[in-house]
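Peer 1: structure-v6.csv is the file, holding CSV, C-alpha atoms:
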chain,number,residue,atom,x,y,z
A,1,MET,CA,40.7,48.4,137.9
A,2,ALA,CA,42.0,46.7,141.1
A,3,SER,CA,40.5,47.6,144.4
A,4,THR,CA,42.8,48.7,147.2
A,5,SER,CA,40.3,48.5,150.0
A,6,ILE,CA,40.1,45.7,152.5
A,7,SER,CA,37.0,43.5,151.6
A,8,ALA,CA,35.9,40.0,152.3
A,9,ASP,CA,39.3,38.8,151.2
A,10,GLY,CA,41.0,41.1,153.7
A,11,PRO,CA,42.2,38.3,156.0
A,12,LEU,CA,43.7,36.6,152.9
A,13,ARG,CA,45.5,39.8,151.9
A,14,ILE,CA,46.8,40.2,155.5
A,15,GLY,CA,48.1,36.7,155.4
A,16,VAL,CA,49.9,37.3,152.2
A,17,ILE,CA,51.5,40.5,153.7
A,18,LEU,CA,52.5,38.7,156.9
A,19,LEU,CA,54.0,35.7,155.2
A,20,THR,CA,55.9,37.8,152.7
A,21,VAL,CA,57.3,40.1,155.3
A,22,GLY,CA,58.2,37.0,157.4
A,23,THR,CA,60.2,35.3,154.8
A,24,ALA,CA,61.8,38.6,153.7
A,25,LEU,CA,62.9,39.2,157.3
A,26,ILE,CA,64.3,35.7,157.6
A,27,HIS,CA,66.3,36.3,154.4
A,28,LEU,CA,67.5,39.7,155.5
A,29,TYR,CA,68.6,38.3,158.8
A,30,LEU,CA,70.6,35.5,157.1
A,31,GLY,CA,72.1,38.1,154.8
A,32,LEU,CA,73.3,40.1,157.8
A,33,GLN,CA,74.9,36.9,159.1
A,34,GLY,CA,77.3,36.9,156.2
A,35,PHE,CA,75.3,35.6,153.2
A,36,PRO,CA,74.8,38.6,151.0
A,37,LEU,CA,72.6,36.9,148.4
A,38,PHE,CA,70.0,36.5,151.1
A,39,VAL,CA,69.8,40.3,151.3
A,40,LEU,CA,68.9,40.5,147.7
A,41,ASN,CA,66.3,37.8,148.1
A,42,GLY,CA,64.7,39.6,151.0
A,43,LEU,CA,64.6,42.8,149.1
A,44,GLY,CA,63.1,41.0,146.2
A,45,TYR,CA,60.2,39.8,148.4
A,46,LEU,CA,59.7,43.3,149.8
A,47,GLY,CA,59.7,44.9,146.3
A,48,LEU,CA,57.2,42.4,144.9
A,49,LEU,CA,55.0,42.9,148.0
A,50,ALA,CA,55.1,46.6,147.5
A,51,ALA,CA,54.1,46.2,143.8
A,52,LEU,CA,51.3,43.9,144.9
A,53,ILE,CA,49.7,46.1,147.6
A,54,LEU,CA,50.6,49.7,147.2
A,55,PRO,CA,48.0,51.9,145.5
A,56,ILE,CA,50.4,53.1,142.7
A,57,PRO,CA,48.2,53.8,139.6
A,58,ARG,CA,50.9,52.9,137.1
A,59,ILE,CA,51.3,49.4,138.4
A,60,SER,CA,47.8,48.6,139.8
A,61,GLU,CA,46.7,47.1,136.4
A,62,TYR,CA,49.6,44.6,136.7
A,63,ARG,CA,48.6,43.2,140.2
A,64,ASN,CA,47.6,39.8,138.8
A,65,LEU,CA,50.9,39.5,136.9
A,66,THR,CA,52.8,40.7,140.0
A,67,ARG,CA,51.0,38.0,142.1
A,68,TRP,CA,52.1,35.3,139.7
A,69,VAL,CA,55.7,36.7,139.6
A,70,LEU,CA,55.7,36.5,143.4
A,71,VAL,CA,54.5,32.9,143.2
A,72,GLY,CA,57.3,32.0,140.8
A,73,TYR,CA,59.9,33.9,142.9
A,74,THR,CA,58.8,32.0,146.0
A,75,ALA,CA,58.8,28.7,144.1
A,76,LEU,CA,62.3,29.4,142.7
A,77,THR,CA,63.5,30.2,146.3
A,78,ILE,CA,62.2,26.8,147.5
A,79,PHE,CA,63.8,25.0,144.5
A,80,LEU,CA,67.2,26.6,145.1
A,81,TRP,CA,67.0,25.7,148.8
A,82,ILE,CA,66.3,22.1,147.8
A,83,LEU,CA,69.4,22.2,145.6
A,84,VAL,CA,71.9,24.0,147.9
A,85,GLY,CA,70.2,25.2,151.1
A,86,SER,CA,71.2,24.4,154.6
A,87,ARG,CA,69.0,21.8,156.3
A,88,ASN,CA,68.4,23.6,159.6
A,89,ALA,CA,65.4,24.8,161.6
A,90,ILE,CA,65.3,28.3,160.1
A,91,GLY,CA,65.4,26.8,156.6
A,92,TYR,CA,62.5,24.4,157.3
A,93,VAL,CA,60.5,27.1,159.0
A,94,ASP,CA,61.1,29.5,156.1
A,95,LYS,CA,60.0,26.8,153.6
A,96,ILE,CA,56.8,26.3,155.5
A,97,ILE,CA,56.2,30.0,155.4
A,98,GLU,CA,56.9,30.1,151.6
A,99,LEU,CA,54.6,27.1,150.9
A,100,ALA,CA,51.8,28.8,152.8
A,101,LEU,CA,52.5,32.1,150.9
A,102,ILE,CA,52.2,30.3,147.6
A,103,ALA,CA,48.9,28.7,148.7
A,104,LEU,CA,47.5,32.1,149.8
A,105,LEU,CA,48.6,33.8,146.6
A,106,VAL,CA,47.0,31.1,144.4
A,107,LEU,CA,43.8,31.3,146.4
A,108,GLU,CA,43.9,35.1,146.1
A,109,ALA,CA,44.3,34.8,142.4
A,110,ARG,CA,41.3,32.5,142.1
A,111,ILE,CA,39.2,34.9,144.2
A,112,SER,CA,40.2,37.9,142.2
A,113,ARG,CA,39.3,36.2,139.0
A,114,ARG,CA,35.7,36.1,140.0
As structure tokens - that is how I would like this structure written.
Peer 2:
Amino acid sequence: MASTSISADGPLRIGVILLTVGTALIHLYLGLQGFPLFVLNGLGYLGLLAALILPIPRISEYRNLTRWVLVGYTALTIFLWILVGSRNAIGYVDKIIELALIALLVLEARISRR
């Protein structure tokens, strides 16, 4: 059963939360600027984050799967930006956030496996 308390990996979990909320807010902001698909992307980040951290008994046993889905979702977002994204400051900042998010999620997965 997954623990929902903050432990030694608390700073790691806080980093995951902050980076996910950060990229979600960027996508929601872009969505409000006239790009509606960004709203869906931002909501997807927030939904996956909720599934990852909220103490909901029915989904707590799927936290590891949810973590890897969030990694894949983030990687897909980066890949699509490479294909069709705008090369501007907000795009580059968001990709840095997303790369850091993937790194923290993978590190969190390795720690939780122990």
Peer 1: Find, counting all atoms listed in the file, the residue in A:Phe79, A:Tyr29, A:Trp68, A:Phe38 that gets nearest to Ala103 of chain A.
Peer 2: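 Closest to Ala103 of chain A, using all atoms listed in the file: A:Trp68.
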Peer 1: Could you list, as a compact mmCIF listing (two decimals) with C-alpha atoms, in the coordinates of the input, every residue within 12 Å of Thr77 of chain A, counting all atoms listed in the file and ignoring same-chain residues fewer than 2 positions away?
Peer 2:
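Full text of part-v1.txt as output:
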# COMPACT_ATOMS: atom_id res chain seq x y z
CA THR A 23 60.20 35.30 154.80
CA ALA A 24 61.80 38.60 153.70
CA HIS A 27 66.30 36.30 154.40
CA LEU A 37 72.60 36.90 148.40
CA PHE A 38 70.00 36.50 151.10
CA LEU A 40 68.90 40.50 147.70
CA ASN A 41 66.30 37.80 148.10
CA GLY A 42 64.70 39.60 151.00
CA GLY A 44 63.10 41.00 146.20
CA TYR A 45 60.20 39.80 148.40
CA LEU A 70 55.70 36.50 143.40
CA VAL A 71 54.50 32.90 143.20
CA GLY A 72 57.30 32.00 140.80
CA TYR A 73 59.90 33.90 142.90
CA THR A 74 58.80 32.00 146.00
CA ALA A 75 58.80 28.70 144.10
CA PHE A 79 63.80 25.00 144.50
CA LEU A 80 67.20 26.60 145.10
CA TRP A 81 67.00 25.70 148.80
CA ILE A 82 66.30 22.10 147.80
CA LEU A 83 69.40 22.20 145.60
CA VAL A 84 71.90 24.00 147.90
CA GLY A 85 70.20 25.20 151.10
CA GLY A 91 65.40 26.80 156.60
CA ASP A 94 61.10 29.50 156.10
CA LYS A 95 60.00 26.80 153.60
CA ILE A 97 56.20 30.00 155.40
CA GLU A 98 56.90 30.10 151.60
CA LEU A 99 54.60 27.10 150.90
CA ILE A 102 52.20 30.30 147.60
Peer 1: Nearest to Leu104 of chain A among A:Val39, A:Gly15, A:Gly10, A:Leu54, with distances taken over only C-alpha atoms: which residue is it?
Peer 2: A:Gly15
Peer 1: Do you have the atom CA of Asn88 of chain A-atom CA of Val16 of chain A distance handy?
Peer 2: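 Pair atom CA of Asn88 of chain A / atom CA of Val16 of chain A returns 24.2 Å.
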Peer 1: I'd like to know which of A:Asn64, A:Ser112, A:Thr20, A:Gln33 is closest to Leu49 of chain A, using only C-alpha atoms.
Peer 2: A:Thr20
Peer 1: List every protein, DNA or RNA residue with an atom no more than 8 Å from (51.9, 42.1, 144.2) in the file's coordinates, counting all atoms listed in the file, and format the result as a count of residues only.
Peer 2: 12
Peer 1: So how far away is atom CA of Ile17 of chain A from atom CA of Leu101 of chain A, in Å?
Peer 2: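 Interatomic distance, atom CA of Leu101 of chain A to atom CA of Ile17 of chain A: 8.9 Å.
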Peer 1: What is the distance between atom CA of Ile90 of chain A and atom CA of Leu19 of chain A, in Å to one decimal?
Peer 2: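 The value is 14.4 Å.
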